[in-house]
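start-v6.csv (CSV, N, CA and C atoms and all ligand atoms)
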```csv
chain,number,residue,atom,x,y,z
A,1,MET,N,29.9,33.7,12.3
A,1,MET,CA,29.1,32.4,12.2
A,1,MET,C,29.3,31.8,10.8
A,2,LEU,N,29.4,30.5,10.8
A,2,LEU,CA,29.5,29.7,9.6
A,2,LEU,C,28.1,29.7,8.9
A,3,SER,N,28.2,29.7,7.6
A,3,SER,CA,26.9,29.5,6.9
A,3,SER,C,27.0,28.3,5.9
A,4,SER,N,25.8,27.7,5.8
A,4,SER,CA,25.7,26.6,4.9
A,4,SER,C,25.5,27.2,3.5
A,5,PRO,N,25.7,26.4,2.4
A,5,PRO,CA,25.7,27.0,1.0
A,5,PRO,C,24.4,27.7,0.7
A,6,ASN,N,23.2,27.3,1.3
A,6,ASN,CA,22.0,28.0,1.0
A,6,ASN,C,21.8,29.2,1.9
A,7,GLY,N,22.8,29.6,2.7
A,7,GLY,CA,22.7,30.9,3.4
A,7,GLY,C,22.1,30.8,4.8
A,8,LEU,N,21.7,29.6,5.2
A,8,LEU,CA,21.2,29.4,6.6
A,8,LEU,C,22.4,29.2,7.5
A,9,PRO,N,22.4,29.8,8.7
A,9,PRO,CA,23.4,29.5,9.6
A,9,PRO,C,23.5,28.0,9.9
A,10,ALA,N,24.7,27.4,9.9
A,10,ALA,CA,24.9,26.0,10.0
A,10,ALA,C,24.4,25.4,11.3
A,11,SER,N,24.4,26.3,12.4
A,11,SER,CA,24.0,25.8,13.7
A,11,SER,C,22.5,25.6,13.8
A,12,ARG,N,21.7,26.0,12.8
A,12,ARG,CA,20.3,26.0,13.0
A,12,ARG,C,19.7,24.9,12.0
A,13,ALA,N,20.4,23.8,11.9
A,13,ALA,CA,20.0,22.8,10.9
A,13,ALA,C,18.6,22.3,11.1
A,14,ASN,N,18.2,22.3,12.4
A,14,ASN,CA,16.8,21.7,12.6
A,14,ASN,C,15.7,22.7,12.1
A,15,GLU,N,16.1,23.9,11.7
A,15,GLU,CA,15.1,24.7,11.1
A,15,GLU,C,15.0,24.6,9.6
A,16,VAL,N,15.9,23.8,9.0
A,16,VAL,CA,16.0,23.7,7.6
A,16,VAL,C,14.7,23.1,7.0
A,17,HIS,N,14.2,22.1,7.8
A,17,HIS,CA,12.9,21.4,7.3
A,17,HIS,C,11.8,22.4,7.2
A,18,GLU,N,11.6,23.2,8.2
A,18,GLU,CA,10.5,24.2,8.2
A,18,GLU,C,10.8,25.2,7.1
A,19,TYR,N,12.1,25.6,6.9
A,19,TYR,CA,12.5,26.6,5.9
A,19,TYR,C,12.1,26.1,4.5
A,20,SER,N,12.4,24.8,4.2
A,20,SER,CA,12.1,24.3,2.9
A,20,SER,C,10.6,24.1,2.7
A,21,VAL,N,9.9,23.8,3.8
A,21,VAL,CA,8.4,23.7,3.7
A,21,VAL,C,7.8,25.1,3.3
A,22,VAL,N,8.4,26.1,4.0
A,22,VAL,CA,7.9,27.5,3.7
A,22,VAL,C,8.2,27.9,2.3
A,23,GLN,N,9.4,27.5,1.8
A,23,GLN,CA,9.8,27.8,0.4
A,23,GLN,C,8.9,27.2,-0.6
A,24,ALA,N,8.5,25.9,-0.3
A,24,ALA,CA,7.6,25.2,-1.2
A,24,ALA,C,6.2,25.9,-1.2
A,25,LEU,N,5.8,26.3,0.0
A,25,LEU,CA,4.5,27.0,0.2
A,25,LEU,C,4.5,28.3,-0.6
A,26,MET,N,5.6,29.0,-0.4
A,26,MET,CA,5.7,30.3,-1.1
A,26,MET,C,5.7,30.2,-2.6
A,27,GLU,N,6.3,29.1,-3.1
A,27,GLU,CA,6.3,28.9,-4.6
A,27,GLU,C,4.8,28.7,-5.1
A,28,ARG,N,4.1,27.9,-4.3
A,28,ARG,CA,2.7,27.7,-4.7
A,28,ARG,C,1.9,29.0,-4.6
A,29,VAL,N,2.1,29.7,-3.5
A,29,VAL,CA,1.3,31.0,-3.3
A,29,VAL,C,1.6,31.9,-4.5
A,30,LEU,N,2.9,32.1,-4.8
A,30,LEU,CA,3.3,33.0,-5.9
A,30,LEU,C,2.7,32.5,-7.2
A,31,ALA,N,2.7,31.2,-7.5
A,31,ALA,CA,2.1,30.7,-8.7
A,31,ALA,C,0.6,31.0,-8.7
A,32,GLU,N,-0.1,30.8,-7.6
A,32,GLU,CA,-1.5,31.1,-7.6
A,32,GLU,C,-1.8,32.6,-7.7
A,33,ALA,N,-0.9,33.4,-7.1
A,33,ALA,CA,-1.1,34.9,-7.1
A,33,ALA,C,-0.9,35.4,-8.5
A,34,SER,N,0.2,34.9,-9.2
A,34,SER,CA,0.4,35.4,-10.6
A,34,SER,C,-0.6,34.9,-11.6
A,35,ALA,N,-1.1,33.7,-11.3
A,35,ALA,CA,-2.2,33.1,-12.2
A,35,ALA,C,-3.5,34.0,-12.1
A,36,ARG,N,-3.7,34.7,-11.0
A,36,ARG,CA,-4.9,35.5,-10.8
A,36,ARG,C,-4.6,37.0,-10.9
A,37,GLY,N,-3.3,37.3,-11.2
A,37,GLY,CA,-3.0,38.7,-11.4
A,37,GLY,C,-3.0,39.5,-10.1
A,38,ALA,N,-2.8,38.8,-9.0
A,38,ALA,CA,-2.9,39.5,-7.7
A,38,ALA,C,-1.7,40.5,-7.5
A,39,THR,N,-2.1,41.6,-6.8
A,39,THR,CA,-1.1,42.7,-6.5
A,39,THR,C,-0.5,42.5,-5.1
A,40,ALA,N,-1.1,41.8,-4.3
A,40,ALA,CA,-0.6,41.6,-2.9
A,40,ALA,C,-1.2,40.4,-2.3
A,41,VAL,N,-0.5,39.7,-1.4
A,41,VAL,CA,-1.1,38.6,-0.7
A,41,VAL,C,-1.2,39.0,0.8
A,42,HIS,N,-2.4,38.9,1.3
A,42,HIS,CA,-2.7,39.3,2.7
A,42,HIS,C,-2.4,38.3,3.8
A,43,ARG,N,-2.9,37.0,3.4
A,43,ARG,CA,-2.9,36.0,4.5
A,43,ARG,C,-2.8,34.6,3.9
A,44,LEU,N,-2.1,33.8,4.5
A,44,LEU,CA,-2.1,32.3,4.1
A,44,LEU,C,-2.6,31.6,5.3
A,45,SER,N,-3.4,30.6,5.1
A,45,SER,CA,-3.8,29.7,6.1
A,45,SER,C,-3.3,28.3,5.8
A,46,VAL,N,-2.5,27.7,6.8
A,46,VAL,CA,-2.0,26.4,6.6
A,46,VAL,C,-2.5,25.5,7.7
A,47,ARG,N,-2.6,24.2,7.4
A,47,ARG,CA,-3.0,23.2,8.4
A,47,ARG,C,-1.9,22.3,8.6
A,48,ILE,N,-1.4,22.2,9.8
A,48,ILE,CA,-0.2,21.4,10.1
A,48,ILE,C,-0.6,20.2,11.0
A,49,GLY,N,-0.5,19.0,10.6
A,49,GLY,CA,-0.8,17.9,11.4
A,49,GLY,C,0.2,17.7,12.5
A,50,GLU,N,-0.3,17.2,13.6
A,50,GLU,CA,0.5,16.9,14.8
A,50,GLU,C,1.7,16.0,14.5
A,51,LEU,N,1.5,15.1,13.6
A,51,LEU,CA,2.6,14.2,13.3
A,51,LEU,C,3.4,14.5,12.0
A,52,SER,N,3.2,15.8,11.5
A,52,SER,CA,3.9,16.2,10.3
A,52,SER,C,5.4,16.4,10.5
A,53,GLY,N,5.8,16.5,11.8
A,53,GLY,CA,7.2,16.9,12.0
A,53,GLY,C,7.5,18.3,11.9
A,54,ILE,N,6.5,19.1,11.8
A,54,ILE,CA,6.7,20.6,11.6
A,54,ILE,C,6.4,21.3,13.0
A,55,GLU,N,7.3,22.1,13.4
A,55,GLU,CA,7.2,22.9,14.6
A,55,GLU,C,6.6,24.2,14.2
A,56,PRO,N,5.3,24.5,14.7
A,56,PRO,CA,4.7,25.7,14.2
A,56,PRO,C,5.5,27.0,14.5
A,57,GLY,N,6.1,27.1,15.6
A,57,GLY,CA,6.9,28.3,15.9
A,57,GLY,C,8.1,28.5,14.9
A,58,LEU,N,8.7,27.4,14.5
A,58,LEU,CA,9.8,27.4,13.6
A,58,LEU,C,9.3,27.8,12.2
A,59,LEU,N,8.1,27.2,11.9
A,59,LEU,CA,7.5,27.5,10.6
A,59,LEU,C,7.2,29.0,10.5
A,60,ALA,N,6.6,29.6,11.6
A,60,ALA,CA,6.3,31.0,11.6
A,60,ALA,C,7.6,31.9,11.4
A,61,SER,N,8.6,31.5,12.1
A,61,SER,CA,9.9,32.3,12.0
A,61,SER,C,10.5,32.1,10.6
A,62,ALA,N,10.4,30.9,10.0
A,62,ALA,CA,10.9,30.7,8.7
A,62,ALA,C,10.1,31.6,7.7
A,63,TYR,N,8.8,31.7,7.9
A,63,TYR,CA,8.0,32.5,7.0
A,63,TYR,C,8.4,33.9,7.0
A,64,THR,N,8.7,34.5,8.2
A,64,THR,CA,9.1,35.9,8.2
A,64,THR,C,10.4,36.1,7.4
A,65,LEU,N,11.2,35.1,7.3
A,65,LEU,CA,12.5,35.2,6.5
A,65,LEU,C,12.2,35.1,5.0
A,66,VAL,N,11.2,34.3,4.6
A,66,VAL,CA,11.0,34.0,3.2
A,66,VAL,C,10.0,35.0,2.5
A,67,LYS,N,9.2,35.6,3.3
A,67,LYS,CA,8.0,36.3,2.7
A,67,LYS,C,8.4,37.6,2.0
A,68,ASP,N,9.6,38.1,2.2
A,68,ASP,CA,10.0,39.4,1.6
A,68,ASP,C,10.3,39.3,0.1
A,69,ASN,N,9.2,39.1,-0.6
A,69,ASN,CA,9.5,38.9,-2.1
A,69,ASN,C,8.6,39.9,-2.9
A,70,GLY,N,8.1,40.9,-2.2
A,70,GLY,CA,7.3,41.9,-3.0
A,70,GLY,C,5.8,41.6,-2.7
A,71,LEU,N,5.3,40.5,-3.3
A,71,LEU,CA,3.9,40.2,-3.2
A,71,LEU,C,3.4,39.9,-1.7
A,72,CYS,N,4.3,39.2,-1.0
A,72,CYS,CA,3.9,38.6,0.3
A,72,CYS,C,4.5,39.4,1.5
A,73,ASP,N,5.2,40.5,1.3
A,73,ASP,CA,6.0,41.0,2.4
A,73,ASP,C,5.1,41.6,3.5
A,74,ALA,N,3.8,41.9,3.3
A,74,ALA,CA,2.9,42.3,4.3
A,74,ALA,C,1.9,41.2,4.8
A,75,SER,N,2.2,40.0,4.3
A,75,SER,CA,1.2,39.0,4.6
A,75,SER,C,1.4,38.3,5.9
A,76,GLU,N,0.4,37.7,6.4
A,76,GLU,CA,0.4,36.9,7.7
A,76,GLU,C,0.2,35.5,7.4
A,77,LEU,N,0.8,34.7,8.3
A,77,LEU,CA,0.7,33.2,8.2
A,77,LEU,C,-0.2,32.7,9.4
A,78,ASP,N,-1.3,32.1,9.0
A,78,ASP,CA,-2.2,31.5,10.1
A,78,ASP,C,-1.8,30.0,10.1
A,79,ILE,N,-1.5,29.5,11.2
A,79,ILE,CA,-1.2,28.1,11.4
A,79,ILE,C,-2.2,27.4,12.2
A,80,ARG,N,-2.9,26.4,11.7
A,80,ARG,CA,-3.9,25.7,12.4
A,80,ARG,C,-3.3,24.3,12.7
A,81,ARG,N,-3.1,23.9,13.9
A,81,ARG,CA,-2.6,22.6,14.2
A,81,ARG,C,-3.8,21.6,14.3
A,82,VAL,N,-3.6,20.4,13.7
A,82,VAL,CA,-4.7,19.4,13.8
A,82,VAL,C,-4.1,18.2,14.5
A,83,PRO,N,-4.9,17.6,15.3
A,83,PRO,CA,-4.4,16.4,16.1
A,83,PRO,C,-4.4,15.2,15.2
A,84,ALA,N,-3.6,14.2,15.6
A,84,ALA,CA,-3.6,12.9,14.9
A,84,ALA,C,-4.9,12.2,15.1
A,85,VAL,N,-5.5,11.6,14.1
A,85,VAL,CA,-6.7,10.8,14.2
A,85,VAL,C,-6.5,9.5,13.5
A,86,TRP,N,-6.8,8.4,14.2
A,86,TRP,CA,-6.8,7.1,13.6
A,86,TRP,C,-8.2,6.5,13.5
A,87,ALA,N,-8.4,5.7,12.5
A,87,ALA,CA,-9.7,5.0,12.4
A,87,ALA,C,-9.5,3.7,11.8
A,88,CYS,N,-10.4,2.8,12.1
A,88,CYS,CA,-10.4,1.4,11.5
A,88,CYS,C,-10.3,1.4,10.0
A,89,ARG,N,-9.4,0.7,9.4
A,89,ARG,CA,-9.4,0.7,8.0
A,89,ARG,C,-10.5,-0.1,7.3
A,90,ASP,N,-11.2,-0.9,8.1
A,90,ASP,CA,-12.3,-1.7,7.6
A,90,ASP,C,-13.6,-1.0,7.8
A,91,CYS,N,-14.0,-0.7,9.1
A,91,CYS,CA,-15.3,-0.2,9.3
A,91,CYS,C,-15.3,1.3,9.5
A,92,GLY,N,-14.1,2.0,9.6
A,92,GLY,CA,-14.1,3.4,9.7
A,92,GLY,C,-14.3,4.0,11.1
A,93,ARG,N,-14.5,3.1,12.1
A,93,ARG,CA,-14.7,3.6,13.4
A,93,ARG,C,-13.4,4.2,14.0
A,94,GLN,N,-13.6,5.4,14.6
A,94,GLN,CA,-12.5,6.1,15.1
A,94,GLN,C,-11.9,5.5,16.3
A,95,VAL,N,-10.6,5.5,16.4
A,95,VAL,CA,-9.9,4.9,17.5
A,95,VAL,C,-9.4,6.0,18.4
A,96,ALA,N,-9.8,6.0,19.7
A,96,ALA,CA,-9.5,7.1,20.6
A,96,ALA,C,-8.0,7.3,20.8
A,97,LYS,N,-7.6,8.6,21.0
A,97,LYS,CA,-6.2,8.9,21.2
A,97,LYS,C,-5.7,8.1,22.4
A,98,GLY,N,-4.5,7.5,22.3
A,98,GLY,CA,-3.9,6.8,23.5
A,98,GLY,C,-4.4,5.4,23.5
A,99,GLU,N,-5.3,5.0,22.7
A,99,GLU,CA,-5.8,3.6,22.7
A,99,GLU,C,-4.8,2.7,21.8
A,100,ILE,N,-4.9,1.4,22.0
A,100,ILE,CA,-4.2,0.5,21.1
A,100,ILE,C,-4.8,0.8,19.6
A,101,LEU,N,-3.8,0.8,18.6
A,101,LEU,CA,-4.3,1.2,17.3
A,101,LEU,C,-4.9,0.0,16.6
A,102,ARG,N,-6.0,-0.4,17.1
A,102,ARG,CA,-6.8,-1.5,16.6
A,102,ARG,C,-8.2,-1.2,16.9
A,103,CYS,N,-9.1,-1.6,15.9
A,103,CYS,CA,-10.5,-1.2,16.0
A,103,CYS,C,-11.2,-1.9,17.2
A,104,PRO,N,-11.9,-1.1,18.1
A,104,PRO,CA,-12.6,-1.7,19.2
A,104,PRO,C,-13.8,-2.6,18.8
A,105,ALA,N,-14.3,-2.3,17.5
A,105,ALA,CA,-15.5,-3.1,17.1
A,105,ALA,C,-15.1,-4.4,16.3
A,106,CYS,N,-14.2,-4.3,15.4
A,106,CYS,CA,-13.9,-5.4,14.5
A,106,CYS,C,-12.4,-5.9,14.6
A,107,SER,N,-11.6,-5.2,15.4
A,107,SER,CA,-10.2,-5.5,15.7
A,107,SER,C,-9.3,-5.5,14.5
A,108,ALA,N,-9.7,-4.8,13.4
A,108,ALA,CA,-8.8,-4.6,12.3
A,108,ALA,C,-7.8,-3.5,12.7
A,109,PRO,N,-6.6,-3.5,12.1
A,109,PRO,CA,-5.7,-2.4,12.4
A,109,PRO,C,-6.2,-1.1,12.0
A,110,ALA,N,-5.9,-0.1,12.8
A,110,ALA,CA,-6.3,1.3,12.5
A,110,ALA,C,-5.3,1.9,11.5
A,111,LYS,N,-5.8,2.9,10.8
A,111,LYS,CA,-4.8,3.7,10.0
A,111,LYS,C,-5.0,5.1,10.3
A,112,LEU,N,-3.9,5.9,10.0
A,112,LEU,CA,-3.9,7.3,10.3
A,112,LEU,C,-4.8,8.0,9.3
A,113,VAL,N,-5.8,8.7,9.7
A,113,VAL,CA,-6.7,9.4,8.7
A,113,VAL,C,-6.3,10.9,8.6
A,114,SER,N,-5.8,11.5,9.7
A,114,SER,CA,-5.3,12.9,9.6
A,114,SER,C,-4.2,13.1,10.7
A,115,GLY,N,-3.4,14.0,10.5
A,115,GLY,CA,-2.4,14.3,11.5
A,115,GLY,C,-1.0,14.4,10.9
A,116,ASP,N,-0.8,13.9,9.7
A,116,ASP,CA,0.6,14.0,9.1
A,116,ASP,C,0.6,15.0,7.9
A,117,GLU,N,-0.4,15.8,7.8
A,117,GLU,CA,-0.5,16.7,6.6
A,117,GLU,C,0.1,18.1,6.8
A,118,ILE,N,0.5,18.6,5.7
A,118,ILE,CA,1.0,20.0,5.7
A,118,ILE,C,0.2,20.6,4.5
A,119,LEU,N,-0.9,21.3,4.8
A,119,LEU,CA,-1.8,21.7,3.8
A,119,LEU,C,-1.9,23.2,3.7
A,120,LEU,N,-1.9,23.8,2.5
A,120,LEU,CA,-2.2,25.2,2.3
A,120,LEU,C,-3.7,25.2,2.0
A,121,GLU,N,-4.4,25.8,3.0
A,121,GLU,CA,-5.8,25.8,2.9
A,121,GLU,C,-6.4,27.0,2.2
A,122,ARG,N,-5.8,28.1,2.4
A,122,ARG,CA,-6.4,29.3,1.9
A,122,ARG,C,-5.4,30.4,1.7
A,123,ILE,N,-5.6,31.2,0.6
A,123,ILE,CA,-4.8,32.3,0.3
A,123,ILE,C,-5.7,33.5,0.2
A,124,GLU,N,-5.5,34.6,1.0
A,124,GLU,CA,-6.2,35.8,0.8
A,124,GLU,C,-5.3,36.8,0.0
A,125,MET,N,-5.8,37.2,-1.2
A,125,MET,CA,-5.0,38.1,-2.0
A,125,MET,C,-5.8,39.3,-2.6
A,126,GLU,N,-5.0,40.3,-2.9
A,126,GLU,CA,-5.6,41.5,-3.5
A,126,GLU,C,-5.6,41.3,-5.1
A,127,VAL,N,-6.8,41.2,-5.6
A,127,VAL,CA,-6.9,41.1,-7.1
A,127,VAL,C,-7.6,42.3,-7.6
A,128,PRO,N,-6.9,43.1,-8.5
A,128,PRO,CA,-7.5,44.3,-9.0
A,128,PRO,C,-8.7,44.1,-9.8
A,201,ZN,ZN,-13.4,-1.7,12.6
```

Full structure transcribed into structure tokens:
Amino acid sequence: MLSSPNGLPASRANEVHEYSVVQALMERVLAEASARGATAVHRLSVRIGELSGIEPGLLASAYTLVKDNGLCDASELDIRRVPAVWACRDCGRQVAKGEILRCPACSAPAKLVSGDEILLERIEMEVP
């Protein structure tokens, strides 16, 4: 099998996005862990918006590839999916899913208030 320069099989290019998200996540976790003198990381909780372009299954499998770095190799990844939510940019009234993206009260355009995020919500770690 051919490999791309970063070691990922070239045929799995659509997993590269999840892979780089996990690497960025891991960098933050390791920075937090070393700042607190942690000896192990038990669990990460991430929040993935419906419109983030992240496939939770691919994220989970990328995580199992990246986590073997000593501190995180026994850790688990919790993925919480959150739906897309739009609200009026003027009055804040929420626009129901599947509706026209315009406020039912004042007809101002709606804006996305959540659903495109990739958030590291929580790290559980062992601190001596
Ligand atoms: Zn409105």

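Every protein or nucleic acid residue with an atom no more than 8 Å from Gly49 of chain A, counting only N, CA and C atoms and leaving out same-chain residues fewer than 2 positions away, appears here: Val46, Arg47, Leu51, Ser52, Gly53, Ile54, Arg80, Arg81, Val82, Pro83, Ala84, Ser114, Gly115, Asp116, Glu117, Ile118 and Leu119 of chain A.
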
Practice item. Return the single residue from A:Ala87, A:Gly57, A:Tyr63, A:Met125 that is closest to Val113 of chain A, with distances computed using all atoms listed in the file. Key: A:Ala87

**Study point:** Cut-off 9 Å, only C-alpha atoms and all ligand atoms, neighbours of ligand ZN 201 (chain A) as a list in words
**Key:** Ala87, Cys88, Arg89, Asp90, Cys91, Gly92, Arg93, Gln94, Val95, Arg102, Cys103, Pro104, Ala105, Cys106, Ser107, Ala108, Pro109 and Ala110 of chain A

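What separates atom N of Leu120 of chain A from atom CA of Val16 of chain A is a distance of 18.6 Å.
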
Practice item. Give the alpha helix (DSSP H) residues of chain A, as DSSP finds them on the backbone, and put them as an MDAnalysis selection string. Key: chainID A and resid 16:35 56:66

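Interatomic distance, atom CA of Val22 of chain A against atom CA of Trp86 of chain A: 27.0 Å.
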
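For segment 8-63 of chain A, backbone-based DSSP assignment of strand (DSSP E or B) covers Pro9, Ala40, Val41, His42, Arg43, Leu44, Ser45, Val46, Arg47, Ile48 and Gly49 of chain A.
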
Exercise for review: Go through A:Glu55, A:Asp78, A:Asp68, A:Glu99 and flag the residue nearest Gln23 of chain A, using only C-alpha atoms for the distances.
Suggested key: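 Of the candidates, the smallest distance to Gln23 of chain A is held by A:Asp68.
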
**Study point:** Counting only C-alpha atoms, the residue of A:Cys72, A:Leu44, A:Leu59, A:Met26 that sits nearest Arg122 of chain A
**Key:**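 Nearest candidate to Arg122 of chain A out of A:Cys72, A:Leu44, A:Leu59, A:Met26: A:Leu44.
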